[in-house]
Amino acid sequence: MSGPSSSEPKRPIWGRGTSFDDEEARDFHAARVALYARLVTTFFVLIFIGGGLVVAFAVPDQFVAIHLHPAKLANVLAIAVSAGVWWAVRRPKRPAMMLVAGDALLPLLINLGAALVAPYVPPGFGMTFVPMLVSALALMFRAAFVPSPPRRTVWIGVLASLPMIWAQYEMAAVSGQLPGFATPALIAIATAGWSAAVVVGTALVSQEIYGLRTQVAKAQRLGQYTLDRLVGEGGMGSVYIAHHARLRRPTALKMLSPERTSPEAIARFEREVQHTSQLTHPNTVAVYDYGRSPDGVFYYAMEYIDGLSLAQLVDEHGPQPAGRVIHILRQAADALVEAHALGLIHRDVKPANILLCERPGNADVVKLLDFGLVKDIRPNDDPALTRADAITGTPLYLSPEAITDPAAVDHRADIYALGAVGYCLLTGVPPFQGRSTVEVCGQHLHTPPVPPSQRLGKPVPAELEALLLACLAKKPAERPESARELCRRLAECAEQSPWIEEKARAFWVSWRGAKARLADRPRGK
C-alpha cells in the first residue's frame, strides 16, 4: 500500500500547461472542438440556405449563376470542411494532433471564407466591415467554446487573421474608390491593427475561461483521482465516485471531512485504511490506494460497487425470500471470519454497510464495507484511537454489551448485528424499533425479539428462524460462538431453503432496466 504516485511530465502543445496525455483532458477538448465545429457547420448551412432563398425570391433568373459564384462555392467548401472536422474529432482514439489541427482549422476556415467573400460584398455595406465582423466573431466564439491557454489562442488568432489582411490589401490595390490619403499598405496595416485587437481580446477571454476550468479541475482532483460526484456522507467523511487519471475505472474515494480534521481523527482514519487493507476476502470491499492532498485532506480509494445496499433492497423491494436471506448472510459471515481471524471487530454491521451487486456468472454477490468503527483486539491496540469507552455503531443493530460495556465487546457483537440484519431482510423491519435511541437501546437490553414468523404472519423455515433468534440472544455466550460456526449453520439452512440462481439473475435484469429508465428520465421529473 502506498500513497499516490507523482504525476508524469506532460508534453505541452502550443502553450504551457496544455497537454493531451491525460485522456480526460483529451476527451473534454474533443467535445468542445466538436461543439465549435457543429456551430460553424450550422452557420455555413444557414448562410447557404438563407442566401439561396433570398436569390430565389429576389432574382430567380440569376439563381444558377449566383450559386456558381466563387462566394457560394467557398460556402459549400466551408460546410464540407467544418463537417469533416466535426466528424473526425468525435471518433474514438483520435490522435492528439488531430484535435490541435481541427481546433486551428475552424477559425482559419471562417477567416479564409470571409476573405474570399469580401471582394463581393456590396459597397453599401462598407468595403470590409461585414467580413471582418464575421472574422472577429469566429475567433471570439472559439475562445469561449474551446478552453485553451492564451498563448495557443494568440497563435490561432494570428494565423486565422492573415487571409483577411491579405484580402484587404488586394482589394485596396484594385479598388479605385480609396480616399486620397489611403494606400493599400495603409489599409492592410489598419486591418492588422483591428485583427491584433481582436486577438488580444480573445486571449483575455481564453485566460479567464481556461483559468476557471483549471481551478475547477484542481478542486476536483486528489492525487491521481478526479472526483465525479458525491454519493454519501458518514461520521468519518464523504464518499465520492472518482476515477484514476490513467486506469479510467470507477473508484469509490473516501475522504476525511476538513471540519473533522484533528490529529485523532486523522489517526483513526489511517487505522481504517490499514485495517481494511489487510482484508482480502472477496466479500469485503478492496482498498486500492491512499494518500493526502497538498492541502491536508486525507483520503483512500477503494473498489466501486455498482449495486445497492441491503437497506435499499428492503426499502425498495420489501422482505426477501428465506433462501436469498441465507445466501446473503453466508457471504457476509464468511467475510467476518477473515476479519475476526485478524483480530478485527467491525462494530457497525448494518444493512447500509452491506452492498449487493452482480458479477459475471455470479448474481447476488455481497460486499462488506466501512470498517471506520473497527476495533482492533490485538495487544498493541491504542485505546485512545479505538475509544473503547464510547458507544459506537448504529442503535438499531447494537448488541446489548455494546450499550452497557463497550470496552468488553468482542466478535460476538458482530454476530448479533448480522443476526439483526438477517431479521430485517426476512421481515422488512429491524428486530427492535422505538421513538428514541434510549427506547431502542432498552429493547436491545431487555425485550425478546418477536419471532420472524409472528412478525410476518406466515411460516418461515424453522432452522433459519431459530438461528436468527440465537444470534439475537442477549448474552454473548448464547449466540453462535464464531462467524465460522454461523457460516456452518447457515449452510445447513441453505440445504432446506436454497436460493435459485435464475431468480437472482431475473432480479438484476429488472434492476438494471429500472436504473436505465431512471437515468434516461429528464431532470426535474
# chains A, B, ... in the order shown; residues from 1 in each chain; ligands from 1
call {"tool": "residues_around", "arguments": {"residues": "Ile187 of chain A", "least_positions_apart": "4", "cutoff": "10 Å", "atoms": "only C-alpha atoms", "output": "list in words"}}
result
Ile165, Gln168, Tyr169, Glu170, Met171, Ala172, Ala173, Leu178, Ala182, Thr183, Thr191, Ala192 and Gly193 of chain A
call {"tool": "select_by_dssp", "arguments": {"residues": "segment 331-495 of chain A", "states": "strand (DSSP E or B)", "output": "short mmCIF file (atom, residue, chain, number, x, y, z; two decimals) with C-alpha atoms, in the first residue's frame"}}
result
data_model
loop_
_atom_site.label_atom_id
_atom_site.label_comp_id
_atom_site.auth_asym_id
_atom_site.auth_seq_id
_atom_site.Cartn_x
_atom_site.Cartn_y
_atom_site.Cartn_z
CA LEU A 344 -10.67 -7.08 13.94
CA ILE A 345 -14.24 -6.40 15.03
CA ILE A 354 -23.52 -4.41 3.20
CA LEU A 355 -23.75 -3.98 -0.55
CA LEU A 356 -25.28 -6.38 -3.03
CA CYS A 357 -24.04 -6.50 -6.61
CA GLU A 358 -23.75 -8.72 -9.65
CA ARG A 359 -20.60 -10.22 -11.08
CA ASN A 362 -22.39 -14.87 -10.15
CA ALA A 363 -25.52 -12.97 -9.12
CA ASP A 364 -26.13 -11.62 -5.62
CA VAL A 365 -22.53 -11.00 -4.56
CA VAL A 366 -22.17 -9.43 -1.11
CA LYS A 367 -19.59 -6.77 -0.26
CA LEU A 368 -18.99 -5.73 3.35
CA LYS A 375 -11.90 -2.27 16.92
CA ASP A 376 -8.55 -3.99 16.98
#
call {"tool": "closest_residue", "arguments": {"among": "A:Leu106, A:Val81, A:Val239, A:Ala483", "to": "Glu338 of chain A", "atoms": "only C-alpha atoms"}}
result
A:Ala483
call {"tool": "closest_residue", "arguments": {"among": "A:Val337, A:Thr280, A:Ala413, A:Gly428", "to": "Glu478 of chain A", "atoms": "only C-alpha atoms"}}
result
A:Ala413
